[in-house]
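Below is work_24.pdb, holding PDB, C-alpha atoms.
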```pdb
ATOM      1  CA  MET A 167       0.000   0.000   0.000
ATOM      2  CA  ALA A 168       2.992   2.292   0.280
ATOM      3  CA  SER A 169       2.544   3.320  -3.347
ATOM      4  CA  ASP A 170      -1.205   3.769  -2.760
ATOM      5  CA  THR A 171      -0.607   6.205   0.070
ATOM      6  CA  GLY A 172       0.260   8.851  -2.423
ATOM      7  CA  MET A 173       3.184  10.001  -0.318
ATOM      8  CA  VAL A 174       4.732  12.542  -2.634
ATOM      9  CA  ARG A 175       8.437  11.796  -2.947
ATOM     10  CA  SER A 176      10.989  14.507  -3.539
ATOM     11  CA  ALA A 177      11.238  13.990  -7.309
ATOM     12  CA  GLY A 178       8.897  16.519  -8.899
ATOM     13  CA  ALA A 179       7.049  17.390  -5.691
ATOM     14  CA  GLY A 180       7.431  21.119  -6.366
ATOM     15  CA  THR A 181       5.794  20.885  -9.788
ATOM     16  CA  ARG A 182       2.730  18.902  -8.755
ATOM     17  CA  SER A 183      -0.550  20.730  -8.931
ATOM     18  CA  PHE A 184      -2.670  20.816  -5.828
ATOM     19  CA  GLU A 185      -5.376  18.951  -7.695
ATOM     20  CA  ALA A 186      -3.069  16.022  -8.362
ATOM     21  CA  PHE A 187      -1.843  16.144  -4.769
ATOM     22  CA  TYR A 188      -5.447  16.110  -3.520
ATOM     23  CA  ARG A 189      -6.364  13.119  -5.673
ATOM     24  CA  SER A 190      -3.261  11.195  -4.612
ATOM     25  CA  GLN A 191      -3.728  11.868  -0.877
ATOM     26  CA  ARG A 192      -7.473  11.920  -0.141
ATOM     27  CA  LYS A 193      -8.263   8.195   0.248
ATOM     28  CA  SER A 194      -5.131   7.510   2.236
ATOM     29  CA  LEU A 195      -5.791  10.449   4.573
ATOM     30  CA  ILE A 196      -9.362   9.272   5.184
ATOM     31  CA  ALA A 197      -8.066   5.787   6.068
ATOM     32  CA  LEU A 198      -5.485   7.260   8.449
ATOM     33  CA  ALA A 199      -8.083   9.550  10.031
ATOM     34  CA  TYR A 200     -10.467   6.615  10.511
ATOM     35  CA  ALA A 201      -7.711   4.563  12.116
ATOM     36  CA  VAL A 202      -6.990   7.240  14.708
ATOM     37  CA  THR A 203     -10.591   8.377  15.339
ATOM     38  CA  GLY A 204     -12.817   5.367  14.720
ATOM     39  CA  SER A 205     -15.377   7.644  13.080
ATOM     40  CA  GLY A 206     -16.263   7.300   9.413
ATOM     41  CA  ARG A 207     -17.933  10.666   9.202
ATOM     42  CA  GLY A 208     -15.233  12.320  11.276
ATOM     43  CA  ALA A 209     -12.486  10.738   9.159
ATOM     44  CA  GLU A 210     -13.726  12.376   5.972
ATOM     45  CA  ASP A 211     -14.073  15.742   7.714
ATOM     46  CA  LEU A 212     -10.609  15.469   9.247
ATOM     47  CA  ALA A 213      -9.005  14.532   5.932
ATOM     48  CA  GLN A 214     -10.796  17.390   4.224
ATOM     49  CA  ASP A 215      -9.685  19.850   6.929
ATOM     50  CA  ALA A 216      -6.065  18.744   6.508
ATOM     51  CA  LEU A 217      -6.321  19.114   2.727
ATOM     52  CA  VAL A 218      -7.884  22.570   3.089
ATOM     53  CA  ALA A 219      -4.935  23.567   5.286
ATOM     54  CA  ALA A 220      -2.601  22.212   2.593
ATOM     55  CA  PHE A 221      -4.435  24.189  -0.080
ATOM     56  CA  LYS A 222      -4.160  27.401   1.930
ATOM     57  CA  SER A 223      -0.400  26.883   2.325
ATOM     58  CA  TRP A 224       0.185  25.215  -1.041
ATOM     59  CA  ASP A 225       2.731  27.764  -2.284
ATOM     60  CA  GLN A 226       4.931  27.008   0.735
ATOM     61  CA  ILE A 227       4.418  23.241   1.059
ATOM     62  CA  ARG A 228       4.480  22.254  -2.626
ATOM     63  CA  VAL A 229       8.208  22.951  -2.722
ATOM     64  CA  LYS A 230       8.925  20.773   0.315
ATOM     65  CA  ASP A 231      10.551  17.395  -0.198
ATOM     66  CA  ASN A 232       7.405  15.659   0.985
ATOM     67  CA  PRO A 233       4.095  17.574   1.160
ATOM     68  CA  GLY A 234       2.420  14.253   2.057
ATOM     69  CA  THR A 235       4.336  14.216   5.323
ATOM     70  CA  TRP A 236       3.226  17.778   6.068
ATOM     71  CA  VAL A 237      -0.465  17.025   5.463
ATOM     72  CA  ARG A 238      -0.323  13.864   7.634
ATOM     73  CA  ARG A 239       1.223  15.841  10.491
ATOM     74  CA  ILE A 240      -1.618  18.383  10.177
ATOM     75  CA  LEU A 241      -4.200  15.578  10.124
ATOM     76  CA  LEU A 242      -2.768  13.951  13.267
ATOM     77  CA  ASN A 243      -2.642  17.305  15.079
ATOM     78  CA  LYS A 244      -6.254  18.030  14.096
ATOM     79  CA  ALA A 245      -7.255  14.525  15.274
ATOM     80  CA  ALA A 246      -5.695  15.229  18.676
ATOM     81  CA  SER A 247      -7.661  18.492  18.873
ATOM     82  CA  VAL A 248     -10.884  16.705  17.952
ATOM     83  CA  HIS A 249     -10.171  14.132  20.661
ATOM     84  CA  ARG A 250      -9.731  16.874  23.267
ATOM     85  CA  ARG A 251     -12.988  18.522  22.148
ATOM     86  CA  ARG A 252     -14.768  15.157  22.317
ATOM     87  CA  LEU A 253     -13.590  14.655  25.894
ATOM     88  CA  ALA A 254     -14.985  18.072  26.831
ATOM     89  CA  GLU A 255     -18.230  17.148  25.079
ATOM     90  CA  VAL A 256     -18.445  13.840  26.962
ATOM     91  CA  ARG A 257     -18.007  15.662  30.258
ATOM     92  CA  ALA A 258     -20.751  18.109  29.321
ATOM     93  CA  LEU A 259     -23.068  15.306  28.216
ATOM     94  CA  ALA A 260     -22.414  13.445  31.466
ATOM     95  CA  ARG A 261     -23.846  16.447  33.266
ATOM     96  CA  HIS A 262     -26.821  16.612  30.857
ATOM     97  CA  PRO A 263     -27.295  13.199  29.183
ATOM     98  CA  VAL A 264     -28.850  13.009  25.712
ATOM     99  CA  GLU A 265     -29.888   9.751  24.062
ATOM    100  CA  ARG A 266     -27.956   9.163  20.817
ATOM    101  CA  GLU A 267     -28.370   6.545  18.139
ATOM    102  CA  ALA A 268     -25.223   4.525  17.415
ATOM    103  CA  ILE A 269     -24.426   4.306  13.706
ATOM    104  CA  PRO A 270     -21.808   1.654  12.826
ATOM    105  CA  PHE A 271     -19.223   2.390  10.139
ATOM    106  CA  PRO A 272     -19.876   0.059   7.181
ATOM    107  CA  ASP A 273     -17.577  -2.773   6.117
ATOM    108  CA  VAL A 274     -15.797  -3.143   9.456
ATOM    109  CA  THR A 275     -15.872  -6.586  11.044
ATOM    110  CA  ASP A 276     -16.268  -6.919  14.797
ATOM    111  CA  GLU A 277     -12.691  -8.210  15.073
ATOM    112  CA  VAL A 278     -11.237  -5.299  13.085
ATOM    113  CA  ASP A 279     -13.315  -2.864  15.127
ATOM    114  CA  ARG A 280     -12.080  -4.502  18.342
ATOM    115  CA  ILE A 281      -8.452  -4.232  17.247
ATOM    116  CA  TRP A 282      -8.735  -0.559  16.255
ATOM    117  CA  SER A 283     -10.637   0.208  19.451
ATOM    118  CA  GLU A 284      -7.649  -1.147  21.358
ATOM    119  CA  VAL A 285      -5.255   0.827  19.163
ATOM    120  CA  ARG A 286      -7.182   4.006  20.014
ATOM    121  CA  ARG A 287      -6.750   3.202  23.736
ATOM    122  CA  LEU A 288      -2.958   3.364  23.395
ATOM    123  CA  SER A 289      -1.080   6.553  24.162
ATOM    124  CA  ARG A 290      -1.546   9.196  21.458
ATOM    125  CA  ARG A 291       1.934   8.710  20.003
ATOM    126  CA  GLN A 292       1.710   4.891  20.045
ATOM    127  CA  MET A 293      -1.676   5.066  18.316
ATOM    128  CA  GLN A 294      -0.281   7.413  15.673
ATOM    129  CA  VAL A 295       2.733   5.163  15.031
ATOM    130  CA  ILE A 296       0.522   2.073  14.633
ATOM    131  CA  ALA A 297      -1.909   3.887  12.323
ATOM    132  CA  LEU A 298       0.867   5.250  10.127
ATOM    133  CA  ALA A 299       2.574   1.856   9.975
ATOM    134  CA  TYR A 300      -0.473  -0.327   9.319
ATOM    135  CA  VAL A 301      -2.869   1.973   7.470
ATOM    136  CA  GLU A 302      -0.352   4.050   5.541
ATOM    137  CA  GLN A 303       2.296   1.291   5.507
ATOM    138  CA  LEU A 304       5.024   3.832   6.142
ATOM    139  CA  THR A 305       8.519   2.869   7.163
ATOM    140  CA  PRO A 306       9.812   3.922  10.592
ATOM    141  CA  THR A 307      11.867   6.640   8.886
ATOM    142  CA  GLU A 308       8.774   7.993   7.099
ATOM    143  CA  ILE A 309       6.760   7.841  10.333
ATOM    144  CA  ALA A 310       9.506   9.779  12.091
ATOM    145  CA  ALA A 311       9.272  12.475   9.412
ATOM    146  CA  VAL A 312       5.478  12.752   9.757
ATOM    147  CA  LEU A 313       5.622  12.941  13.560
ATOM    148  CA  MET A 314       8.812  15.034  13.649
ATOM    149  CA  VAL A 315      10.577  12.617  15.994
ATOM    150  CA  SER A 316      13.624  10.384  15.629
ATOM    151  CA  LYS A 317      13.434   6.921  14.101
ATOM    152  CA  GLN A 318      14.524   5.541  17.490
ATOM    153  CA  THR A 319      11.514   7.212  19.115
ATOM    154  CA  VAL A 320       9.262   5.594  16.510
ATOM    155  CA  ASP A 321      10.891   2.204  17.203
ATOM    156  CA  VAL A 322      10.282   2.579  20.960
ATOM    157  CA  HIS A 323       6.621   3.575  20.484
ATOM    158  CA  MET A 324       6.082   0.747  17.994
ATOM    159  CA  ARG A 325       7.612  -1.838  20.332
ATOM    160  CA  ARG A 326       5.559  -0.617  23.314
ATOM    161  CA  ALA A 327       2.364  -0.409  21.262
ATOM    162  CA  ARG A 328       2.783  -3.934  19.909
ATOM    163  CA  ALA A 329       3.460  -5.289  23.402
ATOM    164  CA  ALA A 330       0.391  -3.545  24.819
ATOM    165  CA  LEU A 331      -1.822  -4.722  21.965
ATOM    166  CA  SER A 332      -0.489  -8.240  22.273
ATOM    167  CA  ARG A 333      -1.435  -8.298  25.965
ATOM    168  CA  ARG A 334      -4.824  -6.629  25.469
ATOM    169  CA  LEU A 335      -5.816  -8.763  22.499
ATOM    170  CA  GLU A 336      -4.271 -11.889  24.040
ATOM    171  CA  LEU A 337      -2.033 -12.515  21.046
ATOM    172  CA  GLU A 338       1.350 -14.186  21.127
ATOM    173  CA  ASP A 339       3.109 -11.593  18.978
ATOM    174  CA  ILE A 340       2.105  -8.750  16.683
TER     175      ILE A 340
END
```
Turn this file's structure into structure tokens for me.
Amino acid sequence: MASDTGMVRSAGAGTRSFEAFYRSQRKSLIALAYAVTGSGRGAEDLAQDALVAAFKSWDQIRVKDNPGTWVRRILLNKAASVHRRRLAEVRALARHPVEREAIPFPDVTDEVDRIWSEVRRLSRRQMQVIALAYVEQLTPTEIAAVLMVSKQTVDVHMRRARAALSRRLELEDI
């Protein structure tokens, strides 16, 4: 899937039109957003918000070695903000409960949903590393670039995340 992620490599990145960038990134960004949020509707909105931010800054980011890395960083930061807002919302709703209808995201098996629910329970950084590795199929070096951390930091978060998931999901090794 690494070629499907649309990660724009340095060759020709400055000459790509935003339209081509948008087409190459959209599906992958939605998948990443879904992995870190668990919300189908929210994933599309989050991906769109990140792409709007890229459009607004296109003159500056189109000349970067990897605009795809930039837009993923924006998406993950926006996802963290959404999570904080959701927590505030949950607290408010706890004070004044409202009955809501649960709408499942289509095409997700119970087992897949269980796994990603556990991924979302990891620390923010571990969750981001897992999502970038398994949804985007990025290498540790590419993940480090998206998250603006060292490859060693990515390796530590990946190892800890896999160990935690292995325990929680009662698997021998991930």
For stretch 315-319 of chain A: contacts at 6 Å, all atoms listed in the file, fewer than 4 positions along chain excluded, given as number ranges by chain = A: 306-307, 310
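In this structure, atom CA of A:Ser223 sits 10.4 Å away from atom CA of A:Phe184.
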query = Mind telling me what the PyMOL selection byres ((chain A and resi 288) around 12) catches here, as a PyMOL selection string?
reply = chain A and resi 202+281-287+289-297+323-324+326-332+334
Selected residue of minimal separation from A:Leu304 among A:Lys230, A:Arg238, A:Arg325, A:Arg261, counting all atoms listed in the file =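 Between A:Lys230, A:Arg238, A:Arg325, A:Arg261, the residue approaching A:Leu304 most closely is A:Arg238.
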Could you work out an axis-aligned bounding box for all listed atoms of stretch 215-221 of chain A, with 3 Å added on each of the six sides, and give its centre and edge lengths in Å to one decimal, as AutoDock Vina command-line options?
```
--center_x -6.1 --center_y 21.5 --center_z 3.4 --size_x 13.1 --size_y 11.4 --size_z 13.0
```
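Atom CA of A:Ala220 is found 6.3 Å from atom CA of A:Val237.
Between atom CA of A:Arg257 and atom CA of A:Gly206 there is a distance of 22.5 Å.
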inquiry  = So that I can check the surroundings of stretch 192-195 of chain A, please list as a ChimeraX atom specification every protein, DNA and RNA residue that reaches within 8 Å of it, counting all atoms listed in the file and ignoring chain neighbours fewer than 2 positions away.
reply    = /A:170-172,188-190,197-199,213-214,217,238,241,301-302
Mind dumping the selected residues with C-alpha atoms as a compact mmCIF listing (two decimals), in the frame of the given file?
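File produced: part.txt:
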```txt
# COMPACT_ATOMS: atom_id res chain seq x y z
CA ASP A 170 -1.20 3.77 -2.76
CA THR A 171 -0.61 6.20 0.07
CA GLY A 172 0.26 8.85 -2.42
CA TYR A 188 -5.45 16.11 -3.52
CA ARG A 189 -6.36 13.12 -5.67
CA SER A 190 -3.26 11.20 -4.61
CA ALA A 197 -8.07 5.79 6.07
CA LEU A 198 -5.48 7.26 8.45
CA ALA A 199 -8.08 9.55 10.03
CA ALA A 213 -9.01 14.53 5.93
CA GLN A 214 -10.80 17.39 4.22
CA LEU A 217 -6.32 19.11 2.73
CA ARG A 238 -0.32 13.86 7.63
CA LEU A 241 -4.20 15.58 10.12
CA VAL A 301 -2.87 1.97 7.47
CA GLU A 302 -0.35 4.05 5.54
```
ask   = What do you get, as a PyMOL selection string, if you spell out every residue that the PyMOL selection byres ((chain A and resi 248) around 12) selects here?
value = chain A and resi 199+202-205+208-209+211-212+215+241-247+249-255
ask   = Taking all atoms listed in the file into account, which of A:Met314, A:Leu298, A:Val218, A:Ala201 comes nearest A:Phe187?
value =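 Closest to A:Phe187, using all atoms listed in the file: A:Val218.
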